[in-house]
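Structure file run17.csv (CSV, C-alpha atoms) follows.
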chain,number,residue,atom,x,y,z
A,1,MET,CA,16.4,58.3,-80.8
A,2,ALA,CA,16.9,54.6,-80.4
A,3,GLU,CA,19.9,53.4,-78.3
A,4,ASN,CA,21.6,51.7,-81.3
A,5,SER,CA,21.1,54.8,-83.5
A,6,LEU,CA,24.2,56.3,-81.9
A,7,ARG,CA,26.4,53.6,-83.3
A,8,ILE,CA,28.7,54.9,-86.0
A,9,ASP,CA,30.0,53.7,-89.4
A,10,ARG,CA,33.7,53.3,-89.1
A,11,THR,CA,34.5,53.6,-92.8
A,12,ALA,CA,33.8,57.3,-93.6
A,13,LYS,CA,35.8,59.5,-91.3
A,14,THR,CA,37.9,59.1,-88.2
A,15,LEU,CA,36.1,57.6,-85.2
A,16,ARG,CA,36.6,60.7,-83.1
A,17,THR,CA,35.1,63.0,-85.8
A,18,LEU,CA,32.1,60.7,-86.3
A,19,ALA,CA,31.6,60.1,-82.6
A,20,LEU,CA,31.7,63.8,-81.9
A,21,ALA,CA,29.1,64.6,-84.6
A,22,ARG,CA,26.9,61.8,-83.3
A,23,MET,CA,27.1,63.0,-79.7
A,24,ARG,CA,26.6,66.7,-80.7
A,25,GLU,CA,23.5,65.7,-82.6
A,26,ALA,CA,22.2,63.5,-79.7
A,27,ILE,CA,22.5,66.5,-77.4
A,28,MET,CA,20.7,68.8,-79.8
A,29,ASP,CA,17.9,66.2,-80.3
A,30,PHE,CA,17.5,65.9,-76.5
A,31,HIS,CA,18.4,62.3,-76.5
A,32,PHE,CA,20.5,63.4,-73.6
A,33,GLN,CA,18.7,66.0,-71.4
A,34,PRO,CA,20.3,69.1,-70.0
A,35,GLY,CA,21.9,68.2,-66.7
A,36,GLN,CA,22.0,64.4,-67.5
A,37,ARG,CA,25.3,62.7,-66.6
A,38,LEU,CA,27.3,61.3,-69.4
A,39,ILE,CA,28.9,58.0,-68.2
A,40,GLU,CA,31.8,56.7,-70.3
A,41,ARG,CA,31.0,53.0,-70.3
A,42,PRO,CA,27.5,53.2,-71.6
A,43,LEU,CA,28.6,55.8,-74.2
A,44,CYS,CA,31.3,53.4,-75.4
A,45,ASP,CA,28.7,50.7,-75.8
A,46,GLN,CA,26.2,53.0,-77.6
A,47,LEU,CA,28.7,54.6,-80.0
A,48,GLY,CA,30.8,51.4,-80.5
A,49,VAL,CA,34.1,53.2,-79.7
A,50,SER,CA,36.8,53.0,-77.1
A,51,ARG,CA,36.9,54.9,-73.8
A,52,SER,CA,39.8,57.1,-75.1
A,53,VAL,CA,37.6,58.2,-78.0
A,54,VAL,CA,34.7,59.0,-75.7
A,55,ARG,CA,37.0,61.0,-73.4
A,56,GLU,CA,38.3,63.0,-76.3
A,57,VAL,CA,34.7,63.7,-77.5
A,58,LEU,CA,33.6,64.8,-74.1
A,59,ARG,CA,36.6,67.2,-73.8
A,60,GLN,CA,35.7,68.7,-77.1
A,61,LEU,CA,32.0,69.1,-76.2
A,62,GLU,CA,33.1,70.7,-73.0
A,63,ALA,CA,35.1,73.2,-75.0
A,64,GLU,CA,32.1,73.9,-77.1
A,65,GLY,CA,29.9,74.5,-74.1
A,66,LEU,CA,27.6,71.5,-74.6
A,67,VAL,CA,29.1,69.5,-71.7
A,68,GLN,CA,30.2,70.7,-68.2
A,69,MET,CA,32.2,69.0,-65.6
A,70,ILE,CA,30.3,68.7,-62.3
A,71,PRO,CA,32.6,68.2,-59.3
A,72,GLY,CA,32.1,64.8,-57.7
A,73,HIS,CA,29.9,63.6,-60.6
A,74,GLY,CA,31.9,64.0,-63.8
A,75,PRO,CA,30.6,65.2,-67.2
A,76,ALA,CA,27.0,66.1,-67.8
A,77,VAL,CA,25.0,67.8,-70.6
A,78,ALA,CA,25.4,71.6,-69.9
A,79,LYS,CA,22.4,73.6,-68.9
A,80,PRO,CA,22.3,76.9,-70.8
A,81,ASP,CA,23.0,79.9,-68.7
A,82,LEU,CA,20.4,82.6,-68.8
A,83,GLY,CA,23.0,85.4,-68.7
A,84,ARG,CA,25.1,84.0,-71.5
A,85,THR,CA,21.9,83.2,-73.5
A,86,ASP,CA,21.0,86.9,-73.4
A,87,GLU,CA,24.4,87.8,-74.7
A,88,ILE,CA,24.3,85.2,-77.5
A,89,TYR,CA,20.9,86.4,-78.7
A,90,GLU,CA,22.1,90.0,-78.5
A,91,LEU,CA,25.0,89.1,-80.9
A,92,ARG,CA,22.6,87.1,-83.1
A,93,ALA,CA,20.2,90.0,-83.4
A,94,LEU,CA,23.0,92.4,-84.2
A,95,LEU,CA,24.9,90.3,-86.7
A,96,GLU,CA,21.8,88.8,-88.5
A,97,GLY,CA,20.3,92.3,-88.8
A,98,ILE,CA,23.5,93.7,-90.3
A,99,ALA,CA,23.6,90.8,-92.8
A,100,ALA,CA,20.0,91.1,-93.8
A,101,ARG,CA,20.5,94.9,-94.4
A,102,ALA,CA,23.6,94.3,-96.5
A,103,CYS,CA,22.0,91.5,-98.4
A,104,ALA,CA,19.1,93.7,-99.4
A,105,LEU,CA,21.5,96.4,-100.6
A,106,SER,CA,24.0,94.4,-102.5
A,107,ALA,CA,23.0,90.8,-103.2
A,108,THR,CA,23.0,89.8,-106.8
A,109,ASP,CA,19.9,88.2,-108.5
A,110,GLU,CA,21.8,84.9,-108.5
A,111,GLN,CA,22.5,85.1,-104.8
A,112,LEU,CA,18.8,85.8,-104.1
A,113,VAL,CA,17.9,82.7,-106.0
A,114,LEU,CA,20.2,80.7,-103.8
A,115,LEU,CA,18.8,82.3,-100.7
A,116,ASP,CA,15.2,81.5,-101.9
A,117,ARG,CA,16.2,77.9,-102.4
A,118,ALA,CA,17.8,77.7,-99.0
A,119,LEU,CA,14.7,79.1,-97.4
A,120,ALA,CA,12.4,76.7,-99.3
A,121,ASN,CA,14.6,73.8,-98.1
A,122,LEU,CA,14.3,75.1,-94.5
A,123,PHE,CA,10.5,75.2,-94.8
A,124,GLU,CA,10.5,71.7,-96.2
A,125,THR,CA,12.5,70.4,-93.2
A,126,TRP,CA,10.2,72.2,-90.9
A,127,ALA,CA,7.3,70.2,-92.4
A,128,ILE,CA,9.1,67.0,-91.7
A,129,GLY,CA,9.5,67.9,-88.1
A,130,LYS,CA,13.0,66.7,-87.4
A,131,PRO,CA,14.8,69.3,-85.2
A,132,ALA,CA,18.3,68.3,-86.3
A,133,GLU,CA,17.4,68.7,-90.0
A,134,VAL,CA,15.7,72.0,-89.3
A,135,MET,CA,18.9,73.3,-87.6
A,136,ARG,CA,21.1,72.2,-90.4
A,137,ALA,CA,18.8,73.8,-92.9
A,138,THR,CA,18.7,77.0,-90.8
A,139,THR,CA,22.5,77.1,-90.6
A,140,ARG,CA,22.6,76.8,-94.4
A,141,PHE,CA,20.1,79.6,-94.9
A,142,TYR,CA,22.2,82.0,-92.8
A,143,GLU,CA,25.4,80.8,-94.4
A,144,VAL,CA,24.0,81.8,-97.8
A,145,LEU,CA,22.6,85.1,-96.3
A,146,PHE,CA,26.0,86.2,-94.8
A,147,GLU,CA,27.8,85.2,-98.0
A,148,ALA,CA,25.4,87.2,-100.2
A,149,ALA,CA,25.8,90.1,-97.8
A,150,ASP,CA,29.6,89.8,-98.1
A,151,LYS,CA,29.9,89.7,-94.3
A,152,ARG,CA,32.5,87.0,-93.9
A,153,VAL,CA,34.0,88.1,-90.6
A,154,ALA,CA,30.5,88.3,-89.1
A,155,TRP,CA,29.8,84.8,-90.3
A,156,GLU,CA,33.0,83.6,-88.7
A,157,ILE,CA,31.8,85.0,-85.4
A,158,VAL,CA,28.4,83.3,-85.9
A,159,THR,CA,30.1,80.1,-86.8
A,160,GLY,CA,32.0,80.2,-83.6
A,161,LEU,CA,28.8,80.5,-81.7
A,162,ASN,CA,26.8,78.1,-83.8
A,163,VAL,CA,27.0,75.1,-81.4
A,164,ARG,CA,25.6,77.1,-78.5
A,165,ILE,CA,23.1,78.9,-80.9
A,166,ASN,CA,21.9,75.5,-82.1
A,167,GLN,CA,21.5,74.2,-78.5
A,168,LEU,CA,19.2,77.1,-77.8
A,169,ARG,CA,17.6,76.9,-81.2
A,170,SER,CA,16.7,73.3,-80.6
A,171,MET,CA,14.7,74.4,-77.5
A,172,THR,CA,12.7,77.0,-79.5
A,173,ILE,CA,12.1,74.7,-82.5
A,174,LEU,CA,10.4,72.2,-80.2
A,175,SER,CA,8.3,74.8,-78.5
A,176,ALA,CA,4.6,74.7,-79.1
A,177,ASN,CA,3.2,77.2,-81.6
A,178,ARG,CA,6.7,78.3,-82.7
A,179,ARG,CA,6.8,76.9,-86.2
A,180,GLU,CA,4.2,79.1,-87.9
A,181,PRO,CA,5.4,82.4,-86.4
A,182,ALA,CA,9.0,81.5,-87.3
A,183,ILE,CA,8.0,80.7,-90.9
A,184,ALA,CA,6.1,84.0,-91.1
A,185,GLU,CA,9.1,85.9,-89.7
A,186,MET,CA,11.6,84.4,-92.1
A,187,THR,CA,9.3,85.0,-95.0
A,188,GLU,CA,9.1,88.7,-94.0
A,189,ILE,CA,12.9,88.8,-93.9
A,190,MET,CA,13.1,87.3,-97.4
A,191,ASP,CA,10.4,89.5,-98.8
A,192,ALA,CA,12.2,92.7,-97.5
A,193,ILE,CA,15.5,91.5,-99.0
A,194,ARG,CA,14.0,90.6,-102.3
A,195,SER,CA,12.3,94.0,-102.6
A,196,ARG,CA,15.6,95.7,-101.6
A,197,GLN,CA,14.2,97.3,-98.5
A,198,SER,CA,17.2,97.4,-96.3
A,199,ASP,CA,15.7,99.0,-93.2
A,200,GLN,CA,12.8,96.5,-93.2
A,201,ALA,CA,15.1,93.6,-93.8
A,202,GLU,CA,17.3,94.5,-90.8
A,203,ALA,CA,14.2,95.1,-88.6
A,204,ALA,CA,12.6,91.8,-89.6
A,205,ALA,CA,15.8,89.9,-88.9
A,206,ARG,CA,16.1,91.5,-85.4
A,207,ARG,CA,12.4,90.7,-84.6
A,208,HIS,CA,12.9,87.1,-85.6
A,209,VAL,CA,15.8,86.7,-83.2
A,210,GLU,CA,14.0,88.6,-80.4
A,211,SER,CA,11.0,86.3,-80.8
A,212,ALA,CA,13.2,83.2,-80.4
A,213,TRP,CA,15.0,84.9,-77.6
A,214,GLN,CA,11.8,85.4,-75.5
A,215,ILE,CA,10.9,81.7,-76.0
A,216,ALA,CA,14.3,80.6,-75.0
A,217,ARG,CA,14.4,82.8,-71.9
A,218,GLU,CA,11.0,81.5,-70.8
A,219,LYS,CA,12.0,77.9,-71.3
A,220,LEU,CA,15.2,78.4,-69.3
A,221,ARG,CA,13.2,80.1,-66.5
A,222,LEU,CA,10.8,77.2,-66.3
A,223,ASP,CA,13.5,74.6,-66.3
A,224,SER,CA,15.3,76.4,-63.4
A,225,VAL,CA,12.2,76.3,-61.2
How does the structure come out when it is put into structure tokens?
Amino acid sequence: MAENSLRIDRTAKTLRTLALARMREAIMDFHFQPGQRLIERPLCDQLGVSRSVVREVLRQLEAEGLVQMIPGHGPAVAKPDLGRTDEIYELRALLEGIAARACALSATDEQLVLLDRALANLFETWAIGKPAEVMRATTRFYEVLFEAADKRVAWEIVTGLNVRINQLRSMTILSANRREPAIAEMTEIMDAIRSRQSDQAEAAARRHVESAWQIAREKLRLDSV
């Protein structure tokens, strides 16, 4: 990501909203590395906003778990915690498995068409190779899945975790040899849902999360060495 690519268009939304979205995306794209200090003045120059806006954005990112305050050094990109990562993936496996099962049992034909389209779009973005686009398409696929499953409360929980999930997801998306297995895993989920095999759909959804979980854990262990 080029330095000037962080600069925002002032005409569409509020500066704070746009700056927050741009910073969140920059962290997901590893423009800023885990542990890297986030210094206000350079951020003001890169984003083209005031120091007060940058401070508000950093506070929000801290609340989301993407930024941490380091005593004596100030804000820095948060390093994912292995213990919390385990818990996040446990919740993902449980909730996505439940949603896949319910979707296989009760989704309408029209909802399955929407889910097929969302998955096709996800595969297209994977071919392009832009992690941020892949994460957006992945979020959209699961949004359609949970809606078709009529699991709205579960989706609210997932949405609350999405920022941290996407930080971890960005690590696995960039991992070598992850793309093809992930495509195969999600195809298996969709095939089971389409054929109304609820047990297989739940199991496939759980395996997909567990596969990503193992990659994320290994990545975190290597980074901590």
Go through region 156-204 of chain A and flag each residue having an atom no more than 6 Å from region 94-114 of chain A; for those, report the closest pair of atoms plus their distance in Å to one decimal, using only C-alpha atoms, ordered by chain and rising number, as CSV.
residue,atom,partner,partner_atom,distance
A:Ile193,CA,A:Ala104,CA,4.2
A:Arg196,CA,A:Ala104,CA,4.6
A:Ser198,CA,A:Arg101,CA,4.6
A:Ala201,CA,A:Ala100,CA,5.5
A:Glu202,CA,A:Gly97,CA,4.2
At a cut-off of 12 Å around the point (12.2, 90.7, -84.5) (file coordinates), what residues fall inside when counting all atoms listed in the file? I'd like the answer as a PyMOL selection string.
chain A and resi 89-90+92-94+96-97+181-182+184-186+188-189+200-214
Work out how far apart CA of Glu40 (chain A) and CA of Thr159 (chain A) are and give it in Å to one decimal.
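Taking CA of Glu40 (chain A) as the start and CA of Thr159 (chain A) as the end point, the length is 28.7 Å.
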Residue nearest Leu58 (chain A) among A:Ala132, A:Ala216, A:Ala154, A:Ala76 (counting all atoms listed in the file):
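Among A:Ala132, A:Ala216, A:Ala154, A:Ala76, it is A:Ala76 that comes nearest to Leu58 (chain A).
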For Thr125 (chain A), work out the shell of residues within 10 Å, counting only C-alpha atoms and skipping chain neighbours fewer than 6 positions away, then give it as a list in words.
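Here the answer would be Leu119, Pro131, Ala132, Glu133, Val134, Met135, Arg136, Ala137 and Thr138 of chain A.
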Could you dump the residues just selected with C-alpha atoms as a compact mmCIF listing (two decimals), keeping the file's coordinate frame?
# COMPACT_ATOMS: atom_id res chain seq x y z
CA LEU A 119 14.70 79.10 -97.40
CA PRO A 131 14.80 69.30 -85.20
CA ALA A 132 18.30 68.30 -86.30
CA GLU A 133 17.40 68.70 -90.00
CA VAL A 134 15.70 72.00 -89.30
CA MET A 135 18.90 73.30 -87.60
CA ARG A 136 21.10 72.20 -90.40
CA ALA A 137 18.80 73.80 -92.90
CA THR A 138 18.70 77.00 -90.80
From the list A:Val54, A:Leu6, A:Leu145, A:Ile39, which residue is nearest Ala26 (chain A) when using all atoms listed in the file?
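The answer is A:Leu6, which sits nearest to Ala26 (chain A).
For the choices A:Pro71, A:Asp86, A:Phe123, A:Gln167, the atom-to-atom distance to Pro34 (chain A) is smallest for A:Gln167 when using only C-alpha atoms.
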Calculate how many Å separate CA of Arg51 (chain A) from CA of Gly74 (chain A), rounding to one decimal.
14.4 Å
Could you list, as a PyMOL selection string, every residue within 10 Å of Leu161 (chain A), counting only C-alpha atoms and ignoring same-chain residues fewer than 3 positions away?
chain A and resi 64-65+88+91-92+155-158+164-166
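CA of Gly129 (chain A) to CA of Asp45 (chain A) spans 28.6 Å [interatomic distance, one decimal].
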